[in-house]
$ cat my_file.tsv   # TSV, C-alpha atoms
chain	number	residue	atom	x	y	z
Q	446	MET	CA	40.51	-61.53	-89.73
Q	447	ALA	CA	42.96	-64.24	-88.65
Q	448	GLU	CA	42.90	-65.33	-85.03
Q	449	ILE	CA	45.84	-63.80	-83.12
Q	450	THR	CA	47.07	-66.39	-80.64
Q	451	ALA	CA	49.33	-65.92	-77.63
Q	452	GLN	CA	51.92	-68.12	-79.35
Q	453	MET	CA	52.00	-65.79	-82.38
Q	454	VAL	CA	52.48	-62.76	-80.13
Q	455	LYS	CA	55.21	-64.57	-78.18
Q	456	GLU	CA	57.14	-65.49	-81.34
Q	457	LEU	CA	56.91	-61.97	-82.75
Q	458	ARG	CA	58.07	-60.50	-79.45
Q	459	GLU	CA	61.04	-62.89	-79.26
Q	460	SER	CA	62.04	-62.10	-82.84
Q	461	THR	CA	61.77	-58.30	-82.70
Q	462	GLY	CA	62.15	-57.33	-79.03
Q	463	ALA	CA	59.01	-55.18	-79.29
Q	464	GLY	CA	56.44	-54.89	-76.47
Q	465	MET	CA	53.66	-57.43	-76.13
Q	466	MET	CA	50.79	-55.04	-76.98
Q	467	ASP	CA	52.79	-53.57	-79.88
Q	468	CYS	CA	53.25	-57.11	-81.25
Q	469	LYS	CA	49.58	-57.96	-80.80
Q	470	ASN	CA	48.46	-54.76	-82.54
Q	471	ALA	CA	50.93	-55.30	-85.39
Q	472	LEU	CA	49.59	-58.82	-85.97
Q	473	LYS	CA	46.03	-57.47	-85.97
Q	474	GLU	CA	46.92	-54.75	-88.50
Q	475	THR	CA	48.58	-57.28	-90.80
Q	476	ASP	CA	45.91	-59.97	-90.39
Q	477	GLY	CA	48.35	-62.34	-88.71
Q	478	ASP	CA	51.09	-62.11	-91.37
Q	479	PHE	CA	54.33	-62.57	-89.37
Q	480	ASP	CA	56.73	-61.00	-91.90
Q	481	LYS	CA	54.47	-57.99	-92.51
Q	482	ALA	CA	54.09	-57.53	-88.76
Q	483	VAL	CA	57.89	-57.49	-88.38
Q	484	GLN	CA	58.16	-54.84	-91.13
Q	485	LEU	CA	55.38	-52.74	-89.60
Q	486	LEU	CA	57.06	-52.75	-86.19
Q	487	ARG	CA	60.36	-51.75	-87.78
Q	488	GLU	CA	58.76	-48.87	-89.70
Q	489	LYS	CA	57.34	-47.64	-86.40
Q	490	GLY	CA	60.75	-47.97	-84.76
Q	491	LEU	CA	59.38	-50.54	-82.33
Q	492	GLY	CA	61.36	-53.62	-83.28
Q	493	LYS	CA	64.54	-54.86	-84.87
Q	494	ALA	CA	64.79	-56.99	-88.01
Q	495	ASP	CA	63.47	-60.51	-87.65
Q	496	LYS	CA	66.53	-62.63	-86.93
Q	497	LYS	CA	65.76	-66.06	-88.33
Q	498	ALA	CA	68.73	-67.51	-86.48
Q	499	ASP	CA	66.99	-66.72	-83.19
Q	500	ARG	CA	64.22	-69.12	-84.16
Q	501	LEU	CA	66.36	-72.04	-85.23
Q	502	ALA	CA	66.12	-75.42	-83.61
Q	503	ALA	CA	68.34	-78.01	-85.22
Q	504	GLU	CA	71.50	-79.88	-84.36
Q	505	GLY	CA	74.22	-81.24	-86.59
Q	506	LEU	CA	77.35	-80.04	-88.33
Q	507	VAL	CA	78.45	-78.02	-91.33
Q	508	SER	CA	81.48	-79.39	-93.20
Q	509	VAL	CA	83.78	-77.73	-95.74
Q	510	LYS	CA	86.12	-79.44	-98.23
Q	511	VAL	CA	88.57	-77.41	-100.37
Q	512	SER	CA	90.53	-79.18	-103.11
Q	513	ASP	CA	94.32	-79.13	-102.89
Q	514	ASP	CA	94.59	-76.88	-105.96
Q	515	PHE	CA	92.04	-74.36	-104.59
Q	516	LYS	CA	89.85	-74.84	-107.64
Q	517	CYS	CA	86.85	-76.53	-105.97
Q	518	ALA	CA	85.16	-75.94	-102.60
Q	519	THR	CA	82.17	-77.81	-101.15
Q	520	VAL	CA	80.06	-77.03	-98.09
Q	521	SER	CA	77.41	-79.36	-96.62
Q	522	GLU	CA	75.01	-79.49	-93.69
Q	523	ILE	CA	74.03	-82.77	-92.06
Q	524	ASN	CA	71.46	-82.67	-89.27
Q	525	SER	CA	71.18	-84.89	-86.21
Q	526	GLU	CA	68.55	-85.01	-83.50
Q	527	THR	CA	70.77	-83.98	-80.57
Q	528	ASP	CA	73.85	-81.91	-79.87
Q	529	PHE	CA	75.35	-84.96	-78.15
Q	530	VAL	CA	75.49	-86.89	-81.43
Q	531	ALA	CA	76.83	-83.82	-83.26
Q	532	LYS	CA	79.96	-84.19	-81.09
Q	533	ASN	CA	80.26	-87.93	-81.81
Q	534	GLU	CA	83.50	-88.84	-83.64
Q	535	GLN	CA	81.70	-91.22	-85.99
Q	536	PHE	CA	79.20	-88.49	-86.94
Q	537	ILE	CA	82.03	-86.00	-87.49
Q	538	ALA	CA	83.76	-88.52	-89.78
Q	539	LEU	CA	80.48	-89.07	-91.64
Q	540	THR	CA	80.13	-85.36	-92.39
Q	541	LYS	CA	83.70	-85.11	-93.70
Q	542	ASP	CA	83.44	-88.27	-95.80
Q	543	THR	CA	80.11	-87.19	-97.26
Q	544	THR	CA	81.41	-83.74	-98.21
Q	545	ALA	CA	84.51	-85.24	-99.86
Q	546	HIS	CA	82.27	-87.73	-101.73
Q	547	ILE	CA	79.99	-84.93	-102.97
Q	548	GLN	CA	82.98	-83.05	-104.33
Q	549	ALA	CA	84.69	-86.06	-105.87
Q	550	LYS	CA	81.52	-87.14	-107.71
Q	551	SER	CA	80.44	-83.58	-108.65
Q	552	LEU	CA	77.01	-84.18	-107.16
Q	553	GLU	CA	74.46	-81.38	-107.45
Q	554	ASN	CA	71.50	-82.36	-105.27
Q	555	VAL	CA	70.40	-84.71	-102.48
Q	556	GLU	CA	68.64	-87.05	-104.94
Q	557	GLN	CA	71.89	-87.58	-106.85
Q	558	LEU	CA	73.70	-88.11	-103.56
Q	559	HIS	CA	71.35	-90.86	-102.37
Q	560	SER	CA	71.59	-92.75	-105.66
Q	561	SER	CA	75.40	-92.46	-105.84
Q	562	GLU	CA	77.81	-95.14	-104.63
Q	563	ILE	CA	80.21	-94.73	-101.71
Q	564	ASN	CA	82.51	-97.50	-100.51
Q	565	GLY	CA	80.81	-99.93	-102.92
Q	566	VAL	CA	77.22	-99.36	-101.70
Q	567	LYS	CA	74.47	-96.89	-102.46
Q	568	PHE	CA	74.79	-93.78	-100.32
Q	569	GLU	CA	71.20	-94.23	-99.12
Q	570	GLU	CA	72.14	-97.64	-97.65
Q	571	TYR	CA	75.41	-96.28	-96.30
Q	572	LEU	CA	73.51	-93.52	-94.45
Q	573	LYS	CA	71.01	-96.05	-93.04
Q	574	SER	CA	73.87	-98.12	-91.63
Q	575	GLN	CA	75.31	-94.99	-90.01
Q	576	ILE	CA	71.91	-94.16	-88.51
Q	577	ALA	CA	71.65	-97.69	-87.10
Q	578	THR	CA	75.12	-97.47	-85.54
Q	579	ILE	CA	74.86	-93.92	-84.19
Q	580	GLY	CA	71.29	-94.40	-82.99
Q	581	GLU	CA	69.69	-91.19	-84.25
Q	582	ASN	CA	67.99	-90.04	-87.41
Q	583	LEU	CA	70.48	-88.22	-89.63
Q	584	VAL	CA	69.60	-86.06	-92.63
Q	585	VAL	CA	71.82	-84.63	-95.35
Q	586	ARG	CA	69.92	-81.38	-95.57
Q	587	ARG	CA	71.83	-79.44	-98.23
Q	588	PHE	CA	75.16	-78.91	-99.93
Q	589	ALA	CA	76.75	-76.68	-102.55
Q	590	THR	CA	79.98	-76.55	-104.54
Q	591	LEU	CA	81.86	-73.60	-106.01
Q	592	LYS	CA	84.34	-74.14	-108.84
Q	593	ALA	CA	86.99	-71.72	-110.03
Q	594	GLY	CA	87.12	-70.79	-113.66
Q	595	ALA	CA	90.21	-69.72	-115.61
Q	596	ASN	CA	92.47	-67.59	-113.38
Q	597	GLY	CA	90.06	-68.31	-110.53
Q	598	VAL	CA	90.51	-69.48	-106.96
Q	599	VAL	CA	88.29	-70.77	-104.15
Q	600	ASN	CA	88.69	-71.29	-100.43
Q	601	GLY	CA	86.61	-72.04	-97.37
Q	602	TYR	CA	86.38	-71.82	-93.61
Q	603	ILE	CA	84.67	-73.87	-90.94
Q	604	HIS	CA	84.12	-72.25	-87.55
Q	605	THR	CA	85.51	-74.08	-84.53
Q	606	ASN	CA	82.05	-75.10	-83.30
Q	607	GLY	CA	81.30	-76.80	-86.63
Q	608	ARG	CA	77.98	-75.00	-86.93
Q	609	VAL	CA	79.00	-72.35	-89.48
Q	610	GLY	CA	80.83	-72.89	-92.76
Q	611	VAL	CA	81.65	-70.63	-95.70
Q	612	VAL	CA	83.01	-71.16	-99.21
Q	613	ILE	CA	84.01	-68.38	-101.59
Q	614	ALA	CA	85.09	-68.01	-105.22
Q	615	ALA	CA	87.10	-65.21	-106.85
Q	616	ALA	CA	88.17	-64.41	-110.41
Q	617	CYS	CA	91.59	-62.87	-110.96
Q	618	ASP	CA	93.51	-61.41	-113.89
Q	619	SER	CA	96.02	-64.27	-113.91
Q	620	GLU	CA	96.92	-67.58	-112.31
Q	621	ALA	CA	99.83	-65.78	-110.63
Q	622	THR	CA	97.42	-63.46	-108.80
Q	623	ALA	CA	95.04	-66.34	-108.03
Q	624	SER	CA	97.85	-68.33	-106.43
Q	625	LYS	CA	98.49	-65.50	-103.97
Q	626	CYS	CA	94.84	-65.13	-102.90
Q	627	GLY	CA	94.25	-68.37	-101.00
Q	628	GLU	CA	94.97	-67.23	-97.45
Q	629	PHE	CA	93.35	-63.82	-98.00
Q	630	LEU	CA	90.12	-65.47	-99.19
Q	631	LYS	CA	90.10	-67.65	-96.08
Q	632	HIS	CA	90.18	-64.47	-93.99
Q	633	ILE	CA	87.24	-63.12	-96.01
Q	634	CYS	CA	85.40	-66.38	-95.26
Q	635	MET	CA	86.07	-65.85	-91.55
Q	636	HIS	CA	84.56	-62.37	-91.87
Q	637	ILE	CA	81.48	-63.80	-93.62
Q	638	ALA	CA	81.07	-66.43	-90.89
Q	639	ALA	CA	81.09	-63.73	-88.22
Q	640	MET	CA	79.22	-60.88	-89.93
Q	641	LYS	CA	76.59	-62.83	-91.89
Q	642	PRO	CA	76.28	-60.71	-95.05
Q	643	SER	CA	73.16	-61.55	-97.06
Q	644	TYR	CA	74.32	-60.17	-100.40
Q	645	LEU	CA	77.59	-59.75	-102.28
Q	646	SER	CA	77.13	-56.10	-103.32
Q	647	TYR	CA	74.61	-53.26	-103.27
Q	648	GLU	CA	74.08	-54.03	-106.95
Q	649	ASP	CA	72.31	-57.23	-105.87
Q	650	LEU	CA	69.70	-55.35	-103.82
Q	651	ASP	CA	66.16	-54.90	-105.10
Q	652	MET	CA	65.10	-51.23	-105.20
Q	653	GLU	CA	61.72	-51.90	-103.56
Q	654	PHE	CA	63.52	-53.75	-100.76
Q	655	VAL	CA	65.93	-50.83	-100.34
Q	656	GLU	CA	63.09	-48.32	-100.10
Q	657	ASN	CA	61.28	-50.40	-97.46
Q	658	GLU	CA	64.49	-50.83	-95.48
Q	659	TYR	CA	65.11	-47.07	-95.65
Q	660	LYS	CA	61.80	-46.44	-93.85
Q	661	ALA	CA	62.79	-48.91	-91.15
Q	662	LEU	CA	66.28	-47.39	-90.86
Q	663	VAL	CA	64.89	-43.86	-90.39
Q	664	ALA	CA	62.42	-45.08	-87.76
Q	665	GLU	CA	65.23	-46.90	-85.93
Q	666	LEU	CA	67.52	-43.85	-85.92
Q	667	GLU	CA	64.73	-41.48	-84.87
Q	668	LYS	CA	63.83	-43.80	-82.01
Q	669	GLU	CA	67.47	-43.84	-80.85
Q	670	ASN	CA	67.61	-40.04	-81.16
Q	671	GLU	CA	64.63	-39.73	-78.82
Q	672	GLU	CA	66.54	-41.72	-76.22
Q	673	ARG	CA	69.72	-39.69	-76.74
Q	674	ARG	CA	67.81	-36.43	-76.31
Q	675	ARG	CA	66.37	-37.79	-73.07
Q	676	LEU	CA	69.77	-38.89	-71.72
Q	677	LYS	CA	71.59	-35.70	-72.84
Q	678	ASP	CA	74.91	-37.55	-72.96
Q	679	PRO	CA	77.52	-35.28	-74.66
Q	680	ASN	CA	79.41	-38.41	-75.79
Q	681	LYS	CA	76.36	-39.66	-77.71
Q	682	PRO	CA	75.22	-36.99	-80.18
Q	683	GLU	CA	72.08	-37.53	-82.22
Q	684	HIS	CA	72.31	-39.56	-85.42
Q	685	LYS	CA	72.14	-37.72	-88.72
Q	686	ILE	CA	69.06	-38.91	-90.57
Q	687	PRO	CA	70.25	-40.01	-94.03
Q	688	LYS	CA	68.40	-39.22	-97.24
Q	689	PHE	CA	69.23	-42.63	-98.68
Q	690	ALA	CA	70.01	-46.15	-97.46
Q	691	SER	CA	72.12	-47.68	-100.23
Q	692	ARG	CA	74.53	-46.87	-103.03
Q	693	LYS	CA	71.82	-48.40	-105.20
Q	694	GLN	CA	69.99	-45.06	-104.74
Q	695	LEU	CA	73.05	-42.83	-105.22
Q	696	THR	CA	72.74	-41.97	-108.89
Q	697	GLN	CA	75.24	-39.75	-110.68
Q	698	GLU	CA	72.80	-36.86	-110.27
Q	699	VAL	CA	72.65	-37.44	-106.50
Q	700	ILE	CA	76.47	-37.52	-106.24
Q	701	GLN	CA	76.81	-34.35	-108.33
Q	702	ALA	CA	74.21	-32.57	-106.17
Q	703	ALA	CA	76.10	-33.63	-103.03
Q	704	GLU	CA	79.36	-32.34	-104.50
Q	705	GLU	CA	77.76	-28.99	-105.35
Q	706	ALA	CA	76.38	-28.73	-101.80
Q	707	ILE	CA	79.89	-29.39	-100.41
Q	708	LYS	CA	81.35	-26.65	-102.64
Q	709	ALA	CA	78.65	-24.22	-101.49
Q	710	GLU	CA	79.46	-25.09	-97.88
Q	711	LEU	CA	83.20	-24.51	-98.41
Q	712	GLN	CA	82.49	-21.21	-100.11
Q	713	ALA	CA	80.27	-20.10	-97.23
Q	714	GLN	CA	83.07	-21.01	-94.83
Q	715	GLY	CA	85.49	-18.84	-96.80
Q	716	LYS	CA	87.80	-21.75	-97.71
Q	717	PRO	CA	90.18	-20.89	-100.60
Q	718	GLU	CA	89.17	-22.67	-103.83
Q	719	LYS	CA	92.70	-23.95	-104.36
Q	720	ILE	CA	92.36	-26.30	-101.35
Q	721	TRP	CA	88.88	-27.59	-102.26
Q	722	PRO	CA	90.25	-30.58	-104.21
Q	723	ASN	CA	91.92	-31.74	-100.98
Q	724	ILE	CA	88.67	-31.50	-98.97
Q	725	ILE	CA	85.89	-32.53	-101.37
Q	726	PRO	CA	86.83	-36.26	-101.80
Q	727	GLY	CA	86.79	-36.88	-98.04
Q	728	LYS	CA	83.47	-35.10	-97.55
Q	729	LEU	CA	81.99	-36.93	-100.54
Q	730	ASN	CA	83.11	-40.27	-99.09
Q	731	SER	CA	81.46	-39.31	-95.78
Q	732	PHE	CA	78.24	-38.48	-97.65
Q	733	ILE	CA	78.30	-41.88	-99.37
Q	734	ALA	CA	79.02	-43.70	-96.09
Q	735	ASP	CA	76.18	-41.88	-94.28
Q	736	ASN	CA	73.76	-42.70	-97.08
Q	737	SER	CA	74.67	-46.36	-97.62
Q	738	GLN	CA	74.12	-47.79	-94.14
Q	739	LEU	CA	72.04	-50.65	-95.52
Q	740	ASP	CA	75.04	-51.77	-97.61
Q	741	SER	CA	77.28	-51.90	-94.54
Q	742	ARG	CA	74.72	-54.05	-92.75
Q	743	LEU	CA	73.75	-56.49	-95.48
Q	744	THR	CA	76.37	-56.62	-98.25
Q	745	LEU	CA	79.80	-58.21	-98.07
Q	746	MET	CA	81.53	-55.49	-100.10
Q	747	GLY	CA	79.96	-52.73	-98.00
Q	748	GLN	CA	80.69	-54.23	-94.59
Q	749	PHE	CA	83.59	-53.07	-92.45
Q	750	TYR	CA	86.26	-55.75	-92.29
Q	751	VAL	CA	86.15	-57.65	-89.01
Q	752	MET	CA	89.97	-57.62	-88.82
Q	753	ASP	CA	90.25	-53.88	-89.58
Q	754	ASP	CA	87.01	-52.03	-88.90
Q	755	LYS	CA	88.28	-48.79	-90.45
Q	756	LYS	CA	88.10	-50.30	-93.94
Q	757	THR	CA	85.31	-51.93	-95.94
Q	758	ILE	CA	85.81	-55.29	-97.63
Q	759	GLU	CA	85.82	-53.42	-100.94
Q	760	GLN	CA	88.71	-51.24	-99.73
Q	761	VAL	CA	90.63	-54.22	-98.31
Q	762	ILE	CA	90.34	-56.05	-101.65
Q	763	ALA	CA	91.62	-52.93	-103.47
Q	764	GLU	CA	94.65	-52.90	-101.16
Q	765	LYS	CA	95.33	-56.58	-101.83
Q	766	GLU	CA	95.12	-55.96	-105.58
Q	767	LYS	CA	97.93	-53.42	-105.26
Q	768	GLU	CA	99.93	-55.79	-103.06
Q	769	PHE	CA	99.53	-58.76	-105.41
Q	770	GLY	CA	99.88	-56.70	-108.59
Q	771	GLY	CA	96.62	-57.91	-110.17
Q	772	THR	CA	92.82	-57.83	-109.96
Q	773	ILE	CA	90.58	-59.78	-107.56
Q	774	LYS	CA	86.82	-60.00	-108.06
Q	775	ILE	CA	84.67	-61.90	-105.56
Q	776	VAL	CA	82.27	-63.89	-107.71
Q	777	GLU	CA	80.17	-65.73	-105.11
Q	778	PHE	CA	80.06	-66.87	-101.51
Q	779	ILE	CA	77.90	-69.40	-99.71
Q	780	ARG	CA	77.38	-69.43	-95.95
Q	781	PHE	CA	75.71	-72.35	-94.16
Q	782	GLU	CA	74.67	-72.31	-90.52
Q	783	VAL	CA	73.21	-75.37	-88.82
Q	784	GLY	CA	69.42	-75.14	-88.75
Q	785	GLU	CA	69.25	-71.98	-90.85
Q	786	GLY	CA	65.71	-71.48	-92.10
Q	787	LEU	CA	64.18	-74.17	-89.88
Q	788	GLU	CA	61.51	-73.09	-87.41
Q	789	LYS	CA	61.33	-74.07	-83.79
Q	790	LYS	CA	58.75	-76.65	-82.88
Q	791	THR	CA	55.89	-75.19	-80.88
Q	792	GLU	CA	56.29	-76.41	-77.36
Q	793	ASP	CA	53.18	-77.20	-75.32
Q	794	PHE	CA	54.45	-78.32	-71.93
Q	795	ALA	CA	51.03	-79.41	-70.63
Q	796	ALA	CA	50.41	-81.56	-73.71
Q	797	GLU	CA	53.89	-83.07	-73.40
Q	798	VAL	CA	53.29	-84.07	-69.77
Q	799	ALA	CA	49.86	-85.47	-70.62
Q	800	ALA	CA	51.38	-87.55	-73.42
Q	801	GLN	CA	54.02	-88.97	-71.07
Q	802	ILE	CA	51.41	-89.88	-68.45
Q	803	GLY	CA	49.47	-91.63	-71.19

$ encode --input "my_file.tsv" --output "structure tokens"
Amino acid sequence: MAEITAQMVKELRESTGAGMMDCKNALKETDGDFDKAVQLLREKGLGKADKKADRLAAEGLVSVKVSDDFKCATVSEINSETDFVAKNEQFIALTKDTTAHIQAKSLENVEQLHSSEINGVKFEEYLKSQIATIGENLVVRRFATLKAGANGVVNGYIHTNGRVGVVIAAACDSEATASKCGEFLKHICMHIAAMKPSYLSYEDLDMEFVENEYKALVAELEKENEERRRLKDPNKPEHKIPKFASRKQLTQEVIQAAEEAIKAELQAQGKPEKIWPNIIPGKLNSFIADNSQLDSRLTLMGQFYVMDDKKTIEQVIAEKEKEFGGTIKIVEFIRFEVGEGLEKKTEDFAAEVAAQIG
């Protein structure tokens, strides 16, 4: 049995919002495994999903460079030690120059970057000179480039705080359609920056993951229903508990069964059969929406558009296809946020004071 420290309990509590004893017990049950403890709490309806962003501790900037012909888009993250330096004009220029250099040289990894030449010197030496001038350690942490294929188009977006950047690539039926997509794709990037989708489509979800998330979703909704029953607020009815969490689970047999249940319901209500075709599609869409809540939380195509929350991204794209007179298929997107995936340093105030005293 792993030792369960106060620091472990504190971190789990901060990440999930669950009670202290619930966190301690979850860590005991999972032998100190943080991720399993998060999942256990969620299945019991005691905590929310572990938000990695809440545990980040890094400064720096994300930079985006889109080529003039919208055929190549690069995003990079360069870390600094302090937020003060991240606002320094020289550091800002460094991030832009580095991103442009990565794109121009078609570099694929940090090792290639350091051995490449910029302004007549090796990038590694160039970065050292910048570190010496700026006065802080600087690290090119990661970068990625998306390139458009035939009839393809890319675009990107950098949030005003410089901490979040997105690049996206789409394939179209023709160059004419691709040429019309630039601004629209930038808006999709803005949505991605704000809503943080983890996947492109429900098709990218692993079935085991979906099944585990379904358990957590049901526990979450049942917990909220308990509170709604207690409050007895007529404006907050109880949630319907779905049978599924994702379109990944909605096989043709499931859809057919749902359609038959809708027909039986209409028959029981005495609705004339001649009007059923006008009613069934809407009810079927409601069934799919109720049973694909995981998609609307995690997948880009299933999320409701931040600029029109009555439509999903999938529906908005379909509308644009009609407007532009062609097809648009999102191929890939990449979202960088400063410090993403980095853990906070454990802070021991007493030890810090002792070190300063010497």

$ closest_residue --input "my_file.tsv" --among "Q:Asn524, Q:Asn533, Q:Asn657, Q:Pro679" --to "Lys481 (chain Q)" --atoms "all atoms listed in the file"
Q:Asn657

$ residues_around --input "my_file.tsv" --residues "region 630-640 of chain Q" --least-positions-apart "2" --cutoff "10 Å" --atoms "only C-alpha atoms" --output "ChimeraX atom specification"
/Q:598-604,608-615,625-628,642-643,742-745,748-752,758,761-762,775,778-782

$ write_last_selection --input "my_file.tsv" --atoms "C-alpha atoms" --output "short mmCIF file (atom, residue, chain, number, x, y, z; two decimals), in the coordinates of the input"
data_model
loop_
_atom_site.label_atom_id
_atom_site.label_comp_id
_atom_site.auth_asym_id
_atom_site.auth_seq_id
_atom_site.Cartn_x
_atom_site.Cartn_y
_atom_site.Cartn_z
CA VAL Q 598 90.51 -69.48 -106.96
CA VAL Q 599 88.29 -70.77 -104.15
CA ASN Q 600 88.69 -71.29 -100.43
CA GLY Q 601 86.61 -72.04 -97.37
CA TYR Q 602 86.38 -71.82 -93.61
CA ILE Q 603 84.67 -73.87 -90.94
CA HIS Q 604 84.12 -72.25 -87.55
CA ARG Q 608 77.98 -75.00 -86.93
CA VAL Q 609 79.00 -72.35 -89.48
CA GLY Q 610 80.83 -72.89 -92.76
CA VAL Q 611 81.65 -70.63 -95.70
CA VAL Q 612 83.01 -71.16 -99.21
CA ILE Q 613 84.01 -68.38 -101.59
CA ALA Q 614 85.09 -68.01 -105.22
CA ALA Q 615 87.10 -65.21 -106.85
CA LYS Q 625 98.49 -65.50 -103.97
CA CYS Q 626 94.84 -65.13 -102.90
CA GLY Q 627 94.25 -68.37 -101.00
CA GLU Q 628 94.97 -67.23 -97.45
CA PRO Q 642 76.28 -60.71 -95.05
CA SER Q 643 73.16 -61.55 -97.06
CA ARG Q 742 74.72 -54.05 -92.75
CA LEU Q 743 73.75 -56.49 -95.48
CA THR Q 744 76.37 -56.62 -98.25
CA LEU Q 745 79.80 -58.21 -98.07
CA GLN Q 748 80.69 -54.23 -94.59
CA PHE Q 749 83.59 -53.07 -92.45
CA TYR Q 750 86.26 -55.75 -92.29
CA VAL Q 751 86.15 -57.65 -89.01
CA MET Q 752 89.97 -57.62 -88.82
CA ILE Q 758 85.81 -55.29 -97.63
CA VAL Q 761 90.63 -54.22 -98.31
CA ILE Q 762 90.34 -56.05 -101.65
CA ILE Q 775 84.67 -61.90 -105.56
CA PHE Q 778 80.06 -66.87 -101.51
CA ILE Q 779 77.90 -69.40 -99.71
CA ARG Q 780 77.38 -69.43 -95.95
CA PHE Q 781 75.71 -72.35 -94.16
CA GLU Q 782 74.67 -72.31 -90.52
#

$ closest_residue --input "my_file.tsv" --among "Q:Leu457, Q:Asn554, Q:Met465, Q:Leu491" --to "Phe479 (chain Q)" --atoms "all atoms listed in the file"
Q:Leu457

$ closest_residue --input "my_file.tsv" --among "Q:Asp528, Q:Asp480, Q:Glu474, Q:Glu667" --to "Pro687 (chain Q)" --atoms "all atoms listed in the file"
Q:Glu667

$ residues_around --input "my_file.tsv" --residues "Ile725 (chain Q)" --least-positions-apart "3" --cutoff "12 Å" --atoms "only C-alpha atoms" --output "mmCIF file with C-alpha atoms, keeping the file's coordinate frame"
data_model
loop_
_atom_site.group_PDB
_atom_site.id
_atom_site.type_symbol
_atom_site.label_atom_id
_atom_site.label_comp_id
_atom_site.auth_asym_id
_atom_site.auth_seq_id
_atom_site.Cartn_x
_atom_site.Cartn_y
_atom_site.Cartn_z
ATOM 1 C CA ILE Q 700 76.470 -37.520 -106.240
ATOM 2 C CA GLN Q 701 76.810 -34.350 -108.330
ATOM 3 C CA ALA Q 703 76.100 -33.630 -103.030
ATOM 4 C CA GLU Q 704 79.360 -32.340 -104.500
ATOM 5 C CA GLU Q 705 77.760 -28.990 -105.350
ATOM 6 C CA ALA Q 706 76.380 -28.730 -101.800
ATOM 7 C CA ILE Q 707 79.890 -29.390 -100.410
ATOM 8 C CA LYS Q 708 81.350 -26.650 -102.640
ATOM 9 C CA ALA Q 709 78.650 -24.220 -101.490
ATOM 10 C CA GLU Q 710 79.460 -25.090 -97.880
ATOM 11 C CA LEU Q 711 83.200 -24.510 -98.410
ATOM 12 C CA GLN Q 712 82.490 -21.210 -100.110
ATOM 13 C CA LYS Q 716 87.800 -21.750 -97.710
ATOM 14 C CA GLU Q 718 89.170 -22.670 -103.830
ATOM 15 C CA LYS Q 719 92.700 -23.950 -104.360
ATOM 16 C CA ILE Q 720 92.360 -26.300 -101.350
ATOM 17 C CA TRP Q 721 88.880 -27.590 -102.260
ATOM 18 C CA PRO Q 722 90.250 -30.580 -104.210
ATOM 19 C CA LYS Q 728 83.470 -35.100 -97.550
ATOM 20 C CA LEU Q 729 81.990 -36.930 -100.540
ATOM 21 C CA ASN Q 730 83.110 -40.270 -99.090
ATOM 22 C CA SER Q 731 81.460 -39.310 -95.780
ATOM 23 C CA PHE Q 732 78.240 -38.480 -97.650
#

$ closest_residue --input "my_file.tsv" --among "Q:Leu787, Q:Ala538, Q:Ala463, Q:Ala451" --to "Gly490 (chain Q)" --atoms "only C-alpha atoms"
Q:Ala463

$ closest_residue --input "my_file.tsv" --among "Q:Glu658, Q:Asp649, Q:Glu504, Q:Asp754" --to "Phe536 (chain Q)" --atoms "all atoms listed in the file"
Q:Glu504
